[in-house]
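Dropping my_file.pdb in here (PDB, C-alpha atoms, pLDDT in the B column):
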```
MODEL        1
ATOM      1  CA  MET A   2     -15.280 -45.046   2.031  1.00 62.00           C
ATOM      2  CA  SER A   3     -11.804 -46.100   3.157  1.00 59.00           C
ATOM      3  CA  LEU A   4      -9.891 -43.900   5.570  1.00 61.00           C
ATOM      4  CA  SER A   5      -7.109 -43.314   3.042  1.00 68.00           C
ATOM      5  CA  HIS A   6      -9.633 -42.158   0.433  1.00 68.00           C
ATOM      6  CA  ALA A   7     -11.397 -39.987   3.006  1.00 66.00           C
ATOM      7  CA  ARG A   8      -8.143 -38.256   3.894  1.00 72.00           C
ATOM      8  CA  ARG A   9      -7.484 -37.508   0.223  1.00 81.00           C
ATOM      9  CA  LEU A  10     -10.783 -35.592   0.144  1.00 87.00           C
ATOM     10  CA  SER A  11      -9.844 -33.447   3.145  1.00 88.00           C
ATOM     11  CA  PRO A  12      -8.287 -30.603   1.067  1.00 93.00           C
ATOM     12  CA  LEU A  13     -11.738 -29.969  -0.418  1.00 95.00           C
ATOM     13  CA  GLY A  14     -12.806 -28.558   2.940  1.00 96.00           C
ATOM     14  CA  LEU A  15     -10.357 -25.722   2.327  1.00 96.00           C
ATOM     15  CA  LEU A  16     -10.892 -25.493  -1.428  1.00 97.00           C
ATOM     16  CA  GLY A  17     -14.671 -25.017  -1.232  1.00 98.00           C
ATOM     17  CA  PRO A  18     -14.667 -21.686   0.639  1.00 98.00           C
ATOM     18  CA  LEU A  19     -11.807 -20.410  -1.525  1.00 98.00           C
ATOM     19  CA  ILE A  20     -13.780 -21.203  -4.681  1.00 98.00           C
ATOM     20  CA  PHE A  21     -16.794 -19.386  -3.268  1.00 98.00           C
ATOM     21  CA  LEU A  22     -14.985 -16.257  -2.120  1.00 98.00           C
ATOM     22  CA  ALA A  23     -12.797 -15.937  -5.228  1.00 98.00           C
ATOM     23  CA  GLY A  24     -15.722 -16.710  -7.499  1.00 98.00           C
ATOM     24  CA  VAL A  25     -18.091 -14.101  -6.091  1.00 98.00           C
ATOM     25  CA  ILE A  26     -15.377 -11.419  -6.214  1.00 98.00           C
ATOM     26  CA  LEU A  27     -14.568 -12.122  -9.866  1.00 98.00           C
ATOM     27  CA  VAL A  28     -18.216 -12.248 -10.925  1.00 98.00           C
ATOM     28  CA  SER A  29     -18.931  -9.064  -8.980  1.00 98.00           C
ATOM     29  CA  TRP A  30     -16.227  -7.238 -10.906  1.00 98.00           C
ATOM     30  CA  SER A  31     -17.477  -8.550 -14.236  1.00 98.00           C
ATOM     31  CA  GLU A  32     -21.078  -7.540 -13.432  1.00 98.00           C
ATOM     32  CA  ARG A  33     -20.546  -4.336 -11.495  1.00 97.00           C
ATOM     33  CA  ASP A  34     -22.702  -2.287 -13.914  1.00 97.00           C
ATOM     34  CA  PHE A  35     -25.477  -4.879 -13.832  1.00 97.00           C
ATOM     35  CA  MET A  36     -25.399  -5.081 -10.030  1.00 97.00           C
ATOM     36  CA  ALA A  37     -25.480  -1.284  -9.771  1.00 96.00           C
ATOM     37  CA  GLU A  38     -28.824  -1.421 -11.600  1.00 96.00           C
ATOM     38  CA  LEU A  39     -30.162  -4.505  -9.799  1.00 96.00           C
ATOM     39  CA  GLY A  40     -29.001  -3.392  -6.352  1.00 95.00           C
ATOM     40  CA  TRP A  41     -25.994  -4.658  -4.422  1.00 96.00           C
ATOM     41  CA  HIS A  42     -28.261  -5.674  -1.537  1.00 95.00           C
ATOM     42  CA  GLN A  43     -29.109  -8.778  -3.626  1.00 96.00           C
ATOM     43  CA  TRP A  44     -25.463  -9.830  -3.627  1.00 97.00           C
ATOM     44  CA  PRO A  45     -24.167 -12.467  -4.144  1.00 98.00           C
ATOM     45  CA  SER A  46     -27.256 -14.350  -5.371  1.00 98.00           C
ATOM     46  CA  GLY A  47     -28.228 -11.505  -7.680  1.00 97.00           C
ATOM     47  CA  THR A  48     -25.063 -11.946  -9.729  1.00 98.00           C
ATOM     48  CA  ALA A  49     -26.568 -15.192 -11.053  1.00 98.00           C
ATOM     49  CA  LEU A  50     -29.125 -13.054 -12.912  1.00 98.00           C
ATOM     50  CA  GLY A  51     -26.490 -11.081 -14.802  1.00 97.00           C
ATOM     51  CA  PRO A  52     -24.644 -11.670 -18.065  1.00 97.00           C
ATOM     52  CA  ASN A  53     -22.089 -13.910 -16.358  1.00 97.00           C
ATOM     53  CA  GLY A  54     -24.598 -15.599 -14.110  1.00 97.00           C
ATOM     54  CA  TRP A  55     -23.391 -19.025 -15.213  1.00 98.00           C
ATOM     55  CA  ALA A  56     -20.185 -18.361 -13.273  1.00 98.00           C
ATOM     56  CA  THR A  57     -22.136 -17.697 -10.063  1.00 98.00           C
ATOM     57  CA  VAL A  58     -24.184 -20.864 -10.584  1.00 98.00           C
ATOM     58  CA  LEU A  59     -20.977 -22.841 -11.116  1.00 98.00           C
ATOM     59  CA  THR A  60     -19.394 -21.249  -8.046  1.00 98.00           C
ATOM     60  CA  PHE A  61     -22.321 -22.261  -5.825  1.00 98.00           C
ATOM     61  CA  PHE A  62     -22.375 -25.766  -7.279  1.00 98.00           C
ATOM     62  CA  LEU A  63     -18.631 -26.435  -6.947  1.00 98.00           C
ATOM     63  CA  THR A  64     -18.514 -24.971  -3.446  1.00 98.00           C
ATOM     64  CA  GLY A  65     -21.362 -27.246  -2.396  1.00 98.00           C
ATOM     65  CA  LEU A  66     -19.725 -30.317  -3.907  1.00 98.00           C
ATOM     66  CA  CYS A  67     -16.496 -29.581  -2.039  1.00 98.00           C
ATOM     67  CA  GLN A  68     -18.415 -29.145   1.192  1.00 98.00           C
ATOM     68  CA  ILE A  69     -20.315 -32.400   0.674  1.00 98.00           C
ATOM     69  CA  ALA A  70     -17.101 -34.288  -0.082  1.00 97.00           C
ATOM     70  CA  PHE A  71     -15.373 -32.903   3.017  1.00 97.00           C
ATOM     71  CA  GLY A  72     -18.399 -33.802   5.136  1.00 97.00           C
ATOM     72  CA  TRP A  73     -18.324 -37.380   3.818  1.00 95.00           C
ATOM     73  CA  ALA A  74     -14.594 -37.533   4.489  1.00 95.00           C
ATOM     74  CA  LEU A  75     -15.186 -36.522   8.116  1.00 96.00           C
ATOM     75  CA  LEU A  76     -18.100 -38.953   8.393  1.00 95.00           C
ATOM     76  CA  ALA A  77     -15.828 -41.795   7.317  1.00 93.00           C
ATOM     77  CA  GLN A  78     -13.437 -40.859  10.144  1.00 94.00           C
ATOM     78  CA  ALA A  79     -16.106 -40.222  12.791  1.00 94.00           C
ATOM     79  CA  GLY A  80     -15.875 -43.679  14.348  1.00 91.00           C
ATOM     80  CA  GLU A  81     -18.698 -44.567  16.731  1.00 92.00           C
ATOM     81  CA  SER A  82     -19.125 -41.028  18.076  1.00 94.00           C
ATOM     82  CA  ARG A  83     -22.680 -39.789  17.523  1.00 96.00           C
ATOM     83  CA  VAL A  84     -21.543 -36.201  18.011  1.00 96.00           C
ATOM     84  CA  ARG A  85     -18.915 -36.498  15.283  1.00 96.00           C
ATOM     85  CA  LYS A  86     -21.336 -38.268  12.939  1.00 97.00           C
ATOM     86  CA  LEU A  87     -23.971 -35.607  13.516  1.00 98.00           C
ATOM     87  CA  GLY A  88     -21.511 -32.789  12.869  1.00 98.00           C
ATOM     88  CA  ALA A  89     -20.270 -34.388   9.649  1.00 97.00           C
ATOM     89  CA  GLY A  90     -23.813 -35.149   8.534  1.00 98.00           C
ATOM     90  CA  LEU A  91     -24.899 -31.553   9.087  1.00 98.00           C
ATOM     91  CA  LEU A  92     -21.921 -30.394   7.035  1.00 98.00           C
ATOM     92  CA  VAL A  93     -23.075 -32.638   4.180  1.00 98.00           C
ATOM     93  CA  LEU A  94     -26.614 -31.220   4.494  1.00 98.00           C
ATOM     94  CA  SER A  95     -25.216 -27.691   4.411  1.00 98.00           C
ATOM     95  CA  GLY A  96     -23.282 -28.584   1.271  1.00 98.00           C
ATOM     96  CA  ILE A  97     -26.469 -29.851  -0.357  1.00 98.00           C
ATOM     97  CA  GLY A  98     -28.039 -26.497   0.459  1.00 98.00           C
ATOM     98  CA  MET A  99     -25.104 -24.709  -1.153  1.00 98.00           C
ATOM     99  CA  THR A 100     -25.370 -26.747  -4.361  1.00 98.00           C
ATOM    100  CA  ALA A 101     -29.108 -25.991  -4.462  1.00 98.00           C
ATOM    101  CA  LEU A 102     -28.304 -22.262  -4.444  1.00 98.00           C
ATOM    102  CA  SER A 103     -27.576 -22.922  -8.113  1.00 97.00           C
ATOM    103  CA  PHE A 104     -31.318 -22.411  -8.627  1.00 98.00           C
ATOM    104  CA  LYS A 105     -31.489 -18.722  -9.456  1.00 97.00           C
ATOM    105  CA  THR A 106     -33.048 -16.212  -7.085  1.00 97.00           C
ATOM    106  CA  ASP A 107     -35.826 -13.822  -8.102  1.00 96.00           C
ATOM    107  CA  ALA A 108     -35.039 -10.190  -8.819  1.00 95.00           C
ATOM    108  CA  GLU A 109     -36.599  -7.837  -6.305  1.00 92.00           C
ATOM    109  CA  GLY A 110     -40.045  -6.657  -7.395  1.00 89.00           C
ATOM    110  CA  THR A 111     -40.669  -9.557  -9.800  1.00 92.00           C
ATOM    111  CA  ASP A 112     -43.124 -12.434  -9.447  1.00 94.00           C
ATOM    112  CA  SER A 113     -42.023 -15.370  -7.317  1.00 94.00           C
ATOM    113  CA  THR A 114     -40.859 -18.429  -9.234  1.00 97.00           C
ATOM    114  CA  TRP A 115     -40.346 -22.048  -8.229  1.00 97.00           C
ATOM    115  CA  HIS A 116     -36.572 -21.753  -8.606  1.00 96.00           C
ATOM    116  CA  GLY A 117     -36.568 -18.537  -6.573  1.00 97.00           C
ATOM    117  CA  GLN A 118     -38.414 -20.294  -3.750  1.00 97.00           C
ATOM    118  CA  LEU A 119     -35.977 -23.211  -3.917  1.00 98.00           C
ATOM    119  CA  HIS A 120     -33.127 -20.717  -3.683  1.00 98.00           C
ATOM    120  CA  VAL A 121     -34.530 -19.313  -0.427  1.00 97.00           C
ATOM    121  CA  ILE A 122     -34.991 -22.802   1.055  1.00 98.00           C
ATOM    122  CA  ALA A 123     -31.471 -23.731  -0.059  1.00 98.00           C
ATOM    123  CA  TYR A 124     -29.976 -20.681   1.620  1.00 98.00           C
ATOM    124  CA  PHE A 125     -31.544 -21.426   4.993  1.00 98.00           C
ATOM    125  CA  THR A 126     -30.555 -25.091   4.648  1.00 98.00           C
ATOM    126  CA  PHE A 127     -26.966 -24.107   3.931  1.00 98.00           C
ATOM    127  CA  PHE A 128     -26.720 -21.432   6.612  1.00 98.00           C
ATOM    128  CA  PHE A 129     -28.388 -23.035   9.640  1.00 98.00           C
ATOM    129  CA  SER A 130     -27.002 -26.510   8.948  1.00 98.00           C
ATOM    130  CA  LEU A 131     -23.509 -25.034   8.780  1.00 98.00           C
ATOM    131  CA  LEU A 132     -23.917 -23.210  12.087  1.00 98.00           C
ATOM    132  CA  LEU A 133     -25.160 -26.382  13.786  1.00 98.00           C
ATOM    133  CA  ALA A 134     -22.377 -28.386  12.147  1.00 98.00           C
ATOM    134  CA  TYR A 135     -19.809 -26.060  13.714  1.00 98.00           C
ATOM    135  CA  VAL A 136     -21.222 -26.782  17.173  1.00 98.00           C
ATOM    136  CA  PHE A 137     -20.968 -30.552  16.814  1.00 98.00           C
ATOM    137  CA  LEU A 138     -17.740 -30.556  14.806  1.00 97.00           C
ATOM    138  CA  GLY A 139     -16.131 -28.353  17.439  1.00 96.00           C
ATOM    139  CA  TRP A 140     -17.398 -30.652  20.174  1.00 96.00           C
ATOM    140  CA  GLY A 141     -16.256 -33.729  18.270  1.00 95.00           C
ATOM    141  CA  SER A 142     -12.820 -32.228  17.674  1.00 95.00           C
ATOM    142  CA  TRP A 143     -12.181 -31.004  21.214  1.00 92.00           C
ATOM    143  CA  ARG A 144      -8.744 -32.126  22.423  1.00 90.00           C
ATOM    144  CA  ARG A 145      -8.424 -34.573  19.537  1.00 92.00           C
ATOM    145  CA  PHE A 146      -5.836 -32.522  17.644  1.00 94.00           C
ATOM    146  CA  ASP A 147      -2.258 -32.021  18.691  1.00 92.00           C
ATOM    147  CA  ALA A 148      -1.402 -28.389  19.410  1.00 92.00           C
ATOM    148  CA  SER A 149       0.907 -28.370  16.383  1.00 92.00           C
ATOM    149  CA  SER A 150      -2.142 -28.585  14.120  1.00 94.00           C
ATOM    150  CA  TRP A 151      -2.763 -24.872  14.843  1.00 95.00           C
ATOM    151  CA  LYS A 152       0.478 -23.986  13.059  1.00 94.00           C
ATOM    152  CA  TYR A 153      -1.095 -23.164   9.702  1.00 95.00           C
ATOM    153  CA  ALA A 154      -4.611 -22.335  10.925  1.00 96.00           C
ATOM    154  CA  PRO A 155      -4.089 -18.534  10.660  1.00 96.00           C
ATOM    155  CA  LEU A 156      -3.995 -18.987   6.875  1.00 96.00           C
ATOM    156  CA  ALA A 157      -7.781 -19.268   7.112  1.00 97.00           C
ATOM    157  CA  LEU A 158      -7.831 -15.517   7.748  1.00 97.00           C
ATOM    158  CA  VAL A 159      -6.226 -14.687   4.386  1.00 96.00           C
ATOM    159  CA  PRO A 160      -9.573 -14.591   2.506  1.00 96.00           C
ATOM    160  CA  LEU A 161     -10.566 -11.624   4.682  1.00 98.00           C
ATOM    161  CA  LEU A 162      -8.182  -9.596   2.516  1.00 97.00           C
ATOM    162  CA  GLY A 163     -10.668 -10.068  -0.305  1.00 97.00           C
ATOM    163  CA  ALA A 164     -12.613  -7.157   1.184  1.00 97.00           C
ATOM    164  CA  LEU A 165      -9.859  -4.911  -0.209  1.00 96.00           C
ATOM    165  CA  MET A 166     -10.549  -6.045  -3.772  1.00 96.00           C
ATOM    166  CA  LEU A 167     -14.295  -5.484  -4.050  1.00 98.00           C
ATOM    167  CA  PRO A 168     -15.838  -3.319  -6.782  1.00 97.00           C
ATOM    168  CA  ASP A 169     -17.333   0.051  -5.899  1.00 95.00           C
ATOM    169  CA  GLY A 170     -20.872  -0.273  -4.604  1.00 95.00           C
ATOM    170  CA  LEU A 171     -20.405  -3.596  -2.853  1.00 97.00           C
ATOM    171  CA  ASP A 172     -20.349  -3.114   0.910  1.00 96.00           C
ATOM    172  CA  ALA A 173     -17.329  -4.872   2.393  1.00 97.00           C
ATOM    173  CA  GLY A 174     -19.573  -6.040   5.229  1.00 97.00           C
ATOM    174  CA  ASN A 175     -21.553  -8.204   2.802  1.00 97.00           C
ATOM    175  CA  TYR A 176     -18.395  -9.974   1.706  1.00 98.00           C
ATOM    176  CA  LEU A 177     -16.973 -10.270   5.218  1.00 98.00           C
ATOM    177  CA  PHE A 178     -20.171 -11.953   6.404  1.00 98.00           C
ATOM    178  CA  PHE A 179     -19.473 -14.929   4.147  1.00 98.00           C
ATOM    179  CA  ALA A 180     -15.708 -14.843   4.694  1.00 98.00           C
ATOM    180  CA  ILE A 181     -16.179 -15.020   8.469  1.00 98.00           C
ATOM    181  CA  LEU A 182     -18.869 -17.689   8.095  1.00 98.00           C
ATOM    182  CA  PHE A 183     -16.406 -19.952   6.287  1.00 98.00           C
ATOM    183  CA  ILE A 184     -13.396 -19.352   8.557  1.00 98.00           C
ATOM    184  CA  PRO A 185     -14.225 -22.142  11.072  1.00 98.00           C
ATOM    185  CA  LEU A 186     -14.615 -24.611   8.201  1.00 98.00           C
ATOM    186  CA  MET A 187     -11.254 -23.604   6.761  1.00 98.00           C
ATOM    187  CA  VAL A 188      -9.584 -23.825  10.177  1.00 97.00           C
ATOM    188  CA  LEU A 189     -10.958 -27.341  10.664  1.00 97.00           C
ATOM    189  CA  ALA A 190      -9.813 -28.380   7.175  1.00 97.00           C
ATOM    190  CA  ILE A 191      -6.317 -26.991   7.788  1.00 97.00           C
ATOM    191  CA  ARG A 192      -6.040 -28.795  11.122  1.00 96.00           C
ATOM    192  CA  VAL A 193      -7.272 -32.055   9.575  1.00 96.00           C
ATOM    193  CA  LEU A 194      -4.642 -31.712   6.855  1.00 95.00           C
ATOM    194  CA  ALA A 195      -1.924 -30.912   9.398  1.00 93.00           C
ATOM    195  CA  ALA A 196      -2.890 -33.933  11.504  1.00 92.00           C
ATOM    196  CA  GLY A 197      -3.197 -36.282   8.531  1.00 91.00           C
ATOM    197  CA  GLY A 198      -6.872 -36.889   9.256  1.00 93.00           C
ATOM    198  CA  TRP A 199      -9.640 -36.296  11.791  1.00 94.00           C
ATOM    199  CA  PRO A 200      -8.190 -37.957  14.902  1.00 91.00           C
ATOM    200  CA  ALA A 201     -10.491 -40.402  16.658  1.00 85.00           C
ATOM    201  CA  GLY A 202      -8.565 -40.328  19.923  1.00 80.00           C
ATOM    202  CA  ARG A 203      -8.171 -37.533  22.463  1.00 78.00           C
ATOM    203  CA  THR A 204      -4.708 -36.073  22.867  1.00 72.00           C
ATOM    204  CA  THR A 205      -3.047 -35.874  26.275  1.00 60.00           C
ATOM    205  CA  GLN A 206       0.218 -34.481  27.571  1.00 45.00           C
ATOM    206  CA  GLY A 207       1.772 -37.838  26.743  1.00 44.00           C
ATOM    207  CA  PRO A 208       1.185 -40.184  23.805  1.00 45.00           C
ATOM    208  CA  ALA A 209      -2.252 -40.003  22.213  1.00 42.00           C
ATOM    209  CA  GLN A 210      -4.796 -42.350  23.769  1.00 40.00           C
ATOM    210  CA  GLN A 211      -7.987 -43.679  22.250  1.00 39.00           C
ATOM    211  CA  SER A 212     -11.185 -42.318  23.793  1.00 36.00           C
TER
ENDMDL
END
```

Represent the structure of the file as structure tokens.
Amino acid sequence: MSLSHARRLSPLGLLGPLIFLAGVILVSWSERDFMAELGWHQWPSGTALGPNGWATVLTFFLTGLCQIAFGWALLAQAGESRVRKLGAGLLVLSGIGMTALSFKTDAEGTDSTWHGQLHVIAYFTFFFSLLLAYVFLGWGSWRRFDASSWKYAPLALVPLLGALMLPDGLDAGNYLFFAILFIPLMVLAIRVLAAGGWPAGRTTQGPAQQS
């Protein structure tokens, strides 16, 4: 992948979380009666079992694709740094886990199914890979961005306002868990966009120098 093409994929790092958070809110509203019967503790995966479950499946799938694309974009800009390659690779793996969440979960109290088991594996793949990715992406980004790249980073906090638009019955804490989980990814995407890419060199007080 060329660097110019990789940079064109960078906005997907921001788009993915927005698709997820907007998607689960909209589906939750459309299925609030169904979720009241199923139990909100199975949110958001449980919404895939409802009458508009196709929208949840699509949300998981598109979010994962965006995450994979952003991870590949970072991988193409990682240079020879093993830390940066590992961070980008873990982000791709996390995205694969997110796409696999498209396999529907099992309703509580029902027999276990193959797709329900895959859903559980996919969740842990998504979650733990993303946490590890943050460690290495943070390490690989340290001092590589100019301070001006923080200018628009606070916009990553806007999705937290989604907690004000949740249907009755859905605990805001459930939503905020995912919103907070995605904030570092959105901050990184915003800084990459502001910098015109994932800088390979470390910034100094003077002109940028290659590490």

Quick check, in Å to one decimal: how far apart do CA of Gly40 (chain A) and CA of Leu66 (chain A) lie?
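Separating CA of Gly40 (chain A) from CA of Leu66 (chain A) is a distance of 28.6 Å.
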
Check which residues satisfy the PyMOL selection byres ((chain A and resi 175) around 10) in the file shown, then give them as a PDB file with C-alpha atoms, in the frame of the given file.
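What landed in out22.pdb:
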```pdb
ATOM      1  CA  TRP A  41     -25.994  -4.658  -4.422  1.00 96.00           C
ATOM      2  CA  HIS A  42     -28.261  -5.674  -1.537  1.00 95.00           C
ATOM      3  CA  GLN A  43     -29.109  -8.778  -3.626  1.00 96.00           C
ATOM      4  CA  TRP A  44     -25.463  -9.830  -3.627  1.00 97.00           C
ATOM      5  CA  PRO A  45     -24.167 -12.467  -4.144  1.00 98.00           C
ATOM      6  CA  ALA A 164     -12.613  -7.157   1.184  1.00 97.00           C
ATOM      7  CA  LEU A 171     -20.405  -3.596  -2.853  1.00 97.00           C
ATOM      8  CA  ASP A 172     -20.349  -3.114   0.910  1.00 96.00           C
ATOM      9  CA  ALA A 173     -17.329  -4.872   2.393  1.00 97.00           C
ATOM     10  CA  GLY A 174     -19.573  -6.040   5.229  1.00 97.00           C
ATOM     11  CA  TYR A 176     -18.395  -9.974   1.706  1.00 98.00           C
ATOM     12  CA  LEU A 177     -16.973 -10.270   5.218  1.00 98.00           C
ATOM     13  CA  PHE A 178     -20.171 -11.953   6.404  1.00 98.00           C
ATOM     14  CA  PHE A 179     -19.473 -14.929   4.147  1.00 98.00           C
ATOM     15  CA  ALA A 180     -15.708 -14.843   4.694  1.00 98.00           C
TER      16      ALA A 180
END
```

Name the closest residue to Leu162 (chain A) among the candidates A:Leu39, A:Thr204, A:Leu182, A:Ile26; distances are taken between atoms, counting all atoms listed in the file.
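Distance minimum relative to Leu162 (chain A) lands on A:Ile26.
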
Mind telling me what the PyMOL selection byres ((chain A and resi 183-193) around 9) catches here, as an MDAnalysis selection string?
chainID A and resid 8 11:19 71 131 135 138:139 142 146 149:158 160 178:182 194:200

Just C-alpha atoms for this one: save the residues we selected as a PDB file, in the frame of the given file.
```pdb
ATOM      1  CA  ARG A   8      -8.143 -38.256   3.894  1.00 72.00           C
ATOM      2  CA  SER A  11      -9.844 -33.447   3.145  1.00 88.00           C
ATOM      3  CA  PRO A  12      -8.287 -30.603   1.067  1.00 93.00           C
ATOM      4  CA  LEU A  13     -11.738 -29.969  -0.418  1.00 95.00           C
ATOM      5  CA  GLY A  14     -12.806 -28.558   2.940  1.00 96.00           C
ATOM      6  CA  LEU A  15     -10.357 -25.722   2.327  1.00 96.00           C
ATOM      7  CA  LEU A  16     -10.892 -25.493  -1.428  1.00 97.00           C
ATOM      8  CA  GLY A  17     -14.671 -25.017  -1.232  1.00 98.00           C
ATOM      9  CA  PRO A  18     -14.667 -21.686   0.639  1.00 98.00           C
ATOM     10  CA  LEU A  19     -11.807 -20.410  -1.525  1.00 98.00           C
ATOM     11  CA  PHE A  71     -15.373 -32.903   3.017  1.00 97.00           C
ATOM     12  CA  LEU A 131     -23.509 -25.034   8.780  1.00 98.00           C
ATOM     13  CA  TYR A 135     -19.809 -26.060  13.714  1.00 98.00           C
ATOM     14  CA  LEU A 138     -17.740 -30.556  14.806  1.00 97.00           C
ATOM     15  CA  GLY A 139     -16.131 -28.353  17.439  1.00 96.00           C
ATOM     16  CA  SER A 142     -12.820 -32.228  17.674  1.00 95.00           C
ATOM     17  CA  PHE A 146      -5.836 -32.522  17.644  1.00 94.00           C
ATOM     18  CA  SER A 149       0.907 -28.370  16.383  1.00 92.00           C
ATOM     19  CA  SER A 150      -2.142 -28.585  14.120  1.00 94.00           C
ATOM     20  CA  TRP A 151      -2.763 -24.872  14.843  1.00 95.00           C
ATOM     21  CA  LYS A 152       0.478 -23.986  13.059  1.00 94.00           C
ATOM     22  CA  TYR A 153      -1.095 -23.164   9.702  1.00 95.00           C
ATOM     23  CA  ALA A 154      -4.611 -22.335  10.925  1.00 96.00           C
ATOM     24  CA  PRO A 155      -4.089 -18.534  10.660  1.00 96.00           C
ATOM     25  CA  LEU A 156      -3.995 -18.987   6.875  1.00 96.00           C
ATOM     26  CA  ALA A 157      -7.781 -19.268   7.112  1.00 97.00           C
ATOM     27  CA  LEU A 158      -7.831 -15.517   7.748  1.00 97.00           C
ATOM     28  CA  PRO A 160      -9.573 -14.591   2.506  1.00 96.00           C
ATOM     29  CA  PHE A 178     -20.171 -11.953   6.404  1.00 98.00           C
ATOM     30  CA  PHE A 179     -19.473 -14.929   4.147  1.00 98.00           C
ATOM     31  CA  ALA A 180     -15.708 -14.843   4.694  1.00 98.00           C
ATOM     32  CA  ILE A 181     -16.179 -15.020   8.469  1.00 98.00           C
ATOM     33  CA  LEU A 182     -18.869 -17.689   8.095  1.00 98.00           C
ATOM     34  CA  LEU A 194      -4.642 -31.712   6.855  1.00 95.00           C
ATOM     35  CA  ALA A 195      -1.924 -30.912   9.398  1.00 93.00           C
ATOM     36  CA  ALA A 196      -2.890 -33.933  11.504  1.00 92.00           C
ATOM     37  CA  GLY A 197      -3.197 -36.282   8.531  1.00 91.00           C
ATOM     38  CA  GLY A 198      -6.872 -36.889   9.256  1.00 93.00           C
ATOM     39  CA  TRP A 199      -9.640 -36.296  11.791  1.00 94.00           C
ATOM     40  CA  PRO A 200      -8.190 -37.957  14.902  1.00 91.00           C
TER      41      PRO A 200
END
```

What's the 9 Å shell around Gly51 (chain A), counting all atoms listed in the file, without same-chain residues fewer than 2 positions away, as a list of chain:residue names?
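Once the nearby chain positions are removed, what remains is A:Glu32, A:Phe35, A:Met36, A:Gly47, A:Thr48, A:Ala49, A:Asn53, A:Gly54, A:Trp55.
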